[in-house]
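Here the structure comes first, spelled out in structure tokens, and everything after it is commentary.
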Amino acid sequence: MNEHVTQPIESSAPSRLPDAQTVTAVKHWTDTLFSFRLTRPQSLRFRSGEFVMIGLSGENGKPILRAYSIASPSWDDELEFYSIKVPDGPLTSMLQNIKPGDEVILRPKPVGTLVLDALIPGKRLFMLATGTGIAPFASLIRDPETYEKFDEVILTHTCRDVAELEYGKELVKNLKEDPLVGEEASQKLKHYPTTTREPSEHEGRITDLIESGKVFEDLEVEPMNSETDRVMICGSMAFNLDIRNICEARGLVEGSNSRPATFVLEKAFLGE
Ligand code: A2P
């Protein structure tokens with residue numbers, strides 16, 4: 001009937017759930033955001049930017065699964081994820097309580113369009129994220145291929161509050177020390193965090209900052225154009241639609257795995 005029904009627990013068996021992986025680390029960033037790391041199945045191959053289904057076993061033994069972008073790069077021994085916490089959310093109300101040593105279900109079938117393969121060659125890569133939409137870019141900015149393919153990489157991250165930007169800030173800070181991509185990232189990556197409901201260095205929705213040209217002035221770069229620029233987008237539905245319009249107005253064309261073009265878009269997986 002259901003292949004995912006939990007088997008009776010054998011105390012000697014290390015892994016009880018089908019497709020179970022072990023939690024190796026958990027970090028709570030705010031009362032609504034956390035990240036965690038899982039062991040990686042040896043057979044799992046993925047392209048940086050893709051997502052998988054992960055989850056926990058519900059009360060009746062049925063798995064509760066949601067799509068999560070893999071936030072770690074494809075060369076990493078472990079898998080990292082970044083999630084919101086929804087108090088009454090079927091999955092994240094439980095998932096936010098995981099501890100190292102616990103097990104999480106992971107279906108090892110990575111998919112997604114926020115991949116370098118879905119873009120035709122260009123000079124600059126814009127990665128535009130809101131909220132947990134930064135997760136796929138956390139993977140891509142740690143992937144050497146990103147810097148092989150592009151001369152300049154611009155990561156924007158818009159959140160309501162300053163505290164919600166911390167995951168991205170720490171990621172970019174640590175990147176400088178990364179033995180694999182540290183040097184290239186230091187030269188090529190520009191990070192532009194913005195807040196919309198609390199004062200910070202850069203304020204406002206990135207959509208408005210692109211339209212006004214302020215983001216380009218602040219970064220001292222040329223405005224976005226379809227000749228040299230490729231764009232990856234990951235945020236809420238409303239954000240994605242607005243940014244898609246902005247890209248199309250500038251002559252960019254949406255791409256996919258089967259038809260690479262100049263921008264790609266995916267809804268941030270909110271966990272619930
Ligand atoms: P705002 O505070 O002005 O709504 P959320 O937490 O609702 O997912 O939003 C995450 C961030 O994305 C917030 O800073 C929010 O700004 C911004 N945002 C939401 N919708 C849009 C949109 N349509 N265009 C640009 N930014 C958006």
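FYI, nothing fancy with the structure tokens labels: chains A, B, ... in order, residues from 1 per chain, ligands from 1 as they appear.
The shell of residues at most 6 Å from segment 255-271 of chain A, with only C-alpha atoms counted and near chain neighbours (fewer than 2 positions) removed, consists of A:Arg66, A:Tyr68, A:Thr113, A:Ala118, A:Leu119, A:Ile120, A:Gly133, A:Arg230, A:Val231, A:Met232, A:Ile233, A:Cys234, A:Gly235, A:Ser236, A:Leu252, A:Val253.
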Exercise. Can you tell me, as a list of chain:residue names, what residues are no more than 7 Å from Tyr82 of chain A when counting only C-alpha atoms, ignoring any on the same chain fewer than 4 positions away?
Worked result: A:Phe34, A:Ser35, A:Phe36, A:Ala71, A:Thr132, A:Ala135
For this session: All residues within 7 Å of ligand 1 are required, counting only C-alpha atoms and all ligand atoms; please report them as a list in words.
Result: Thr130, Gly131, Thr158, Cys159, Arg160, Thr195, Thr196, Arg197, Arg205, Ile206, Thr207, Ser236, Ala238, Phe239, Asn240 and Asp242 of chain A
Exercise. Where does DSSP see helix (DSSP H, G or I) in segment 36-260 of chain A, if you list the residues as a ChimeraX atom specification?
Worked result: /A:92-95,116-118,131-140,144-149,162-175,182-188,206-212,214-219,237-249
Exercise. What's the 12 Å shell around Lys169 of chain A, counting only C-alpha atoms, without same-chain residues fewer than 2 positions away, as a ChimeraX atom specification?
Worked result: /A:29,134,138,155-158,162-167,171-176,190-194
Problem set entry | From A:Pro63, A:Gly49, A:Pro73, A:Pro179, residue lying nearest Gly112 of chain A [only C-alpha atoms] | A:Gly49
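Of the listed residues (A:Thr32, A:Ser226, A:Gly182, A:Lys27), A:Thr32 comes nearest to Pro87 of chain A; the distances count only C-alpha atoms.
Among the candidates A:Lys149, A:Lys99, A:Arg40, A:Lys109, the residue lying nearest to Pro121 of chain A is A:Lys149 (atoms considered: only C-alpha atoms).
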